[in-house]
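Single-structure report; data block below.
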Amino acid sequence: MAHITPANQSAAVKLVENFSLEMTGKDVPGLEEARDAIPQGSKINVTFLGNEDLEMRVSASKAVRDFGFVPVPHISARRLSSQGQLEEFLGRLQEVGATDHVFSVGGDPATPEGPYDSALALIETGLLQRYGVKEVSIAGYPEGHPDIKSDVLWRHLEAKSAALKEQGLNAVILTQFAFDTDPVMEWITAVRDRGIDSQIRIGTPGPAGIKRLLGFARRFGIGANAMIVKKYGFSLTNLMGTAGPDTFVNDLAVLLADPETAARTGGVENTKLHFYTFGGLKATADWANQFTARS
């Protein structure tokens, strides 16, 4: 656990500032409840779940925009049945002013439902710019992916970064959520060593029930053994409790603020946080506000 000095606390606050959040199409009531706790202009990602339809995804993205935030709708490549469906989605998002920022992700289906088998394939269509996209978030996996080999993940990350640069689109790397700073720092360093200088948003859960957090960790193949969760700040013997990301955030900030590391990785200036709101949008936004108010 990091020793929290004033300098370390300042670094942690910088890491949290300009945080982004994640919501589903069904979370509009939760967004309305949390709207006063979320800084205006914050990025809010809208997921592309298989049990939600076009109208729900577009309505949620519109609500994000209407409330004064920046929508980042997800486009799940493997869930798209055709180019027509992709263009319909982009067109509807453009109508509500929600195409400046998108997140291109492969998606869950083992077999693609249409012509796109990866986020890279979607990016390479060249369609995103036609609908006003200026910035594309792409996925990063500090602890790997349960179904994709590490060398494939790296090859695709490099290819996606190169394709976006060639198309004149800004890129953000958005990671799966993590509990352990060690693989996160190793991964950030490896990204920079490959010459990729895009902003990285490290995913971590906002405050939530421990059982719920562990359930999502198992689902996504995230390391959650006793040693790791202790480092994050909770115990497997107290599953009825709740946990927040304080320890993770403080430790990550200290590591990023180290002068030698900062020179190599861009430090807290080029690394921000993305919160997975398993415990709710308002609980996460309230936590972030309380955390940054300590400075």
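Identifiers in this document derive from the order of the structure tokens: chains are assigned A, B, ..., residues are numbered from 1 separately in each chain, and ligands are numbered from 1 in order of occurrence.
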
Report the closest atom pair, with its distance in Å rounded to one decimal, for each residue of region 38-157 of chain A that has an atom no farther than 9 Å from region 4-25 of chain A; count only C-alpha atoms, sort by chain and then rising residue number, and write it as a tab-separated table.
```
residue	atom	partner	partner_atom	distance
A:Pro39	CA	A:Asn18	CA	8.1
A:Gly41	CA	A:Asn18	CA	8.7
A:Ser42	CA	A:Ser20	CA	6.0
A:Lys43	CA	A:Ser20	CA	4.9
A:Ile44	CA	A:Leu21	CA	4.8
A:Asn45	CA	A:Glu22	CA	4.7
A:Val46	CA	A:Met23	CA	5.2
A:Thr47	CA	A:Thr24	CA	5.1
A:Phe48	CA	A:Thr24	CA	7.5
A:Leu49	CA	A:Thr24	CA	7.5
A:Glu52	CA	A:Gly25	CA	6.8
A:Asp53	CA	A:Gly25	CA	8.6
A:Glu55	CA	A:Gly25	CA	8.9
A:Met56	CA	A:Gly25	CA	5.3
A:Arg57	CA	A:Gly25	CA	5.1
A:Val58	CA	A:Gly25	CA	8.1
A:Ser59	CA	A:Gly25	CA	7.5
A:Ala60	CA	A:Gly25	CA	5.2
A:Ser61	CA	A:Gly25	CA	8.0
```

Residues of region 105-154 of chain A that have any atom at most 10 Å from an atom of region 170-187 of chain A: could you tabulate them with the shortest-distance atom pair and the distance in Å to one decimal, using only C-alpha atoms, ordered by chain and increasing number, as CSV?
```
residue,atom,partner,partner_atom,distance
A:Val133,CA,A:Asn170,CA,9.3
A:Lys134,CA,A:Asn170,CA,6.3
A:Glu135,CA,A:Asn170,CA,4.4
A:Val136,CA,A:Ala171,CA,5.0
A:Ser137,CA,A:Val172,CA,4.5
A:Ile138,CA,A:Ile173,CA,5.0
A:Ala139,CA,A:Leu174,CA,5.0
A:Gly140,CA,A:Thr175,CA,4.3
A:Tyr141,CA,A:Thr175,CA,5.6
A:Pro142,CA,A:Val184,CA,5.2
A:Glu143,CA,A:Pro183,CA,6.3
A:Gly144,CA,A:Gln176,CA,9.1
A:His145,CA,A:Gln176,CA,9.1
```

Please return as a VMD selection string: the residues of region 99-232 of chain A that backbone DSSP assigns to strand (DSSP E or B).
-> chain A and resid 101 to 105 135 to 140 145 148 170 to 177 199 to 205 208 to 209

Any idea what the distance is between CA of Gly126 (chain A) and CA of Leu153 (chain A)?
-> 21.4 Å

Nearest to Gly195 (chain A): which of A:Pro259, A:Pro245, A:Gly266, A:Gly114 is it, counting only C-alpha atoms?
->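 Nearest candidate to Gly195 (chain A) out of A:Pro259, A:Pro245, A:Gly266, A:Gly114: A:Gly266.
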
Separation of CA of Leu93 (chain A) from CA of Val72 (chain A) in Å |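 About the pair CA of Val72 (chain A) and CA of Leu93 (chain A): they are 10.2 Å apart.
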
If you run DSSP on the backbone, which residues of region 46-169 of chain A are helix (DSSP H, G or I), as a PyMOL selection string?
-> chain A and resi 54-66+77-79+83-95+119-123+129-131+150-166

Long-range neighbours of Lys62 (chain A) as a list in words, 8 Å cut-off, only C-alpha atoms, 4 positions minimum in chain | Val58, Asp66, Pro71, Leu93, Val96, Gly97 and Ala98 of chain A

Using only C-alpha atoms, pick whichever of A:Arg201, A:Ile75, A:Trp154, A:Gly280 has the shortest atom-to-atom distance to Lys26 (chain A).
->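 Using only C-alpha atoms, Lys26 (chain A) sits closest to A:Gly280.
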
Which is closest to Thr99 (chain A) among A:Ser118, A:Gln129, A:Ser76, A:Gln83, if we use only C-alpha atoms?
->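 Looking at the shortest contact to Thr99 (chain A), the residue is A:Gln129.
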
Residue contacts of Ala119 (chain A) (8 Å, only C-alpha atoms) excluding same-chain residues fewer than 4 positions away, as a short mmCIF file (atom, residue, chain, number, x, y, z; two decimals) with C-alpha atoms, in the first residue's frame:
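For reference, around.cif as written:
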```
data_model
loop_
_atom_site.label_atom_id
_atom_site.label_comp_id
_atom_site.auth_asym_id
_atom_site.auth_seq_id
_atom_site.Cartn_x
_atom_site.Cartn_y
_atom_site.Cartn_z
CA SER A 76 -19.98 -4.06 -30.65
CA ALA A 77 -18.52 -5.38 -33.91
CA SER A 104 -15.21 0.23 -30.94
CA VAL A 105 -15.08 -3.18 -29.27
CA GLY A 106 -15.14 -6.74 -30.55
CA ILE A 123 -12.49 0.61 -37.86
CA ILE A 138 -10.32 0.93 -28.20
CA LYS A 160 -6.08 -0.37 -34.35
#
```

Skipping near chain neighbours, those fewer than 4 positions away, what residues fall within 8 Å of Leu31 (chain A) using only C-alpha atoms, listed as a list in words?
->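 Counting only the stated atoms, we get Asp27, Arg35, Val64, Leu281 and Lys282 of chain A.
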
Can those selected residues be exported to a file as a PDB file, in the first residue's frame so that it contains all heavy atoms?
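Okay, selection07.pdb is ready:
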```pdb
ATOM      1  N   ASP A  27     -29.955   2.471 -17.795  1.00  0.00           N
ATOM      2  CA  ASP A  27     -29.532   3.258 -16.635  1.00  0.00           C
ATOM      3  C   ASP A  27     -29.890   4.731 -16.699  1.00  0.00           C
ATOM      4  O   ASP A  27     -29.371   5.522 -15.906  1.00  0.00           O
ATOM      5  CB  ASP A  27     -28.010   3.146 -16.456  1.00  0.00           C
ATOM      6  CG  ASP A  27     -27.577   1.815 -15.894  1.00  0.00           C
ATOM      7  OD1 ASP A  27     -28.414   1.137 -15.267  1.00  0.00           O
ATOM      8  OD2 ASP A  27     -26.398   1.451 -16.088  1.00  0.00           O
ATOM      9  N   ARG A  35     -26.992  13.089 -11.981  1.00  0.00           N
ATOM     10  CA  ARG A  35     -26.521  14.150 -12.884  1.00  0.00           C
ATOM     11  C   ARG A  35     -25.856  15.314 -12.154  1.00  0.00           C
ATOM     12  O   ARG A  35     -24.873  15.886 -12.638  1.00  0.00           O
ATOM     13  CB  ARG A  35     -27.678  14.667 -13.751  1.00  0.00           C
ATOM     14  CG  ARG A  35     -28.826  15.277 -12.978  1.00  0.00           C
ATOM     15  CD  ARG A  35     -30.025  15.602 -13.853  1.00  0.00           C
ATOM     16  NE  ARG A  35     -29.735  16.615 -14.852  1.00  0.00           N
ATOM     17  CZ  ARG A  35     -30.656  17.154 -15.656  1.00  0.00           C
ATOM     18  NH1 ARG A  35     -31.929  16.730 -15.581  1.00  0.00           N
ATOM     19  NH2 ARG A  35     -30.326  18.074 -16.523  1.00  0.00           N
ATOM     20  N   VAL A  64     -27.532  11.249 -22.209  1.00  0.00           N
ATOM     21  CA  VAL A  64     -26.201  11.680 -21.774  1.00  0.00           C
ATOM     22  C   VAL A  64     -25.906  13.070 -22.327  1.00  0.00           C
ATOM     23  O   VAL A  64     -25.469  13.967 -21.605  1.00  0.00           O
ATOM     24  CB  VAL A  64     -25.124  10.673 -22.235  1.00  0.00           C
ATOM     25  CG1 VAL A  64     -23.725  11.234 -21.986  1.00  0.00           C
ATOM     26  CG2 VAL A  64     -25.297   9.342 -21.521  1.00  0.00           C
ATOM     27  N   LEU A 281     -24.379   4.706 -10.651  1.00  0.00           N
ATOM     28  CA  LEU A 281     -23.718   5.922 -11.135  1.00  0.00           C
ATOM     29  C   LEU A 281     -23.520   6.944 -10.021  1.00  0.00           C
ATOM     30  O   LEU A 281     -22.457   7.546  -9.892  1.00  0.00           O
ATOM     31  CB  LEU A 281     -24.550   6.535 -12.266  1.00  0.00           C
ATOM     32  CG  LEU A 281     -24.498   5.796 -13.604  1.00  0.00           C
ATOM     33  CD1 LEU A 281     -25.744   6.103 -14.425  1.00  0.00           C
ATOM     34  CD2 LEU A 281     -23.250   6.168 -14.381  1.00  0.00           C
ATOM     35  N   LYS A 282     -24.543   7.142  -9.202  1.00  0.00           N
ATOM     36  CA  LYS A 282     -24.444   8.177  -8.164  1.00  0.00           C
ATOM     37  C   LYS A 282     -23.415   7.799  -7.103  1.00  0.00           C
ATOM     38  O   LYS A 282     -22.630   8.645  -6.658  1.00  0.00           O
ATOM     39  CB  LYS A 282     -25.795   8.430  -7.513  1.00  0.00           C
ATOM     40  CG  LYS A 282     -25.789   9.651  -6.585  1.00  0.00           C
ATOM     41  CD  LYS A 282     -27.160  10.007  -6.080  1.00  0.00           C
ATOM     42  CE  LYS A 282     -27.139  11.352  -5.337  1.00  0.00           C
ATOM     43  NZ  LYS A 282     -26.134  11.385  -4.243  1.00  0.00           N
TER      44      LYS A 282
END
```

Calculate how many Å separate CA of Val191 (chain A) from CA of Val102 (chain A), rounding to one decimal.
->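 Spanning CA of Val191 (chain A) to CA of Val102 (chain A) is a straight-line distance of 21.0 Å.
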
Of the residues A:Gly30, A:Thr261, A:Thr292, A:Leu80, which is the one nearest to Thr277 (chain A), using only C-alpha atoms?
->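 Nearest candidate to Thr277 (chain A) out of A:Gly30, A:Thr261, A:Thr292, A:Leu80: A:Gly30.
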
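Residue nearest Phe275 (chain A) within the list A:Ala253, A:Ala63, A:Leu122, A:Ala208: A:Ala208 [criterion: smallest interatomic distance, only C-alpha atoms].
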
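Omitting Asp197 (chain A) and its sequence neighbours fewer than 3 positions away, and counting only C-alpha atoms, the residues within 9 Å are Val191, Arg192, Arg194, Ile200, Thr265, Gly266 and Asn270 of chain A.
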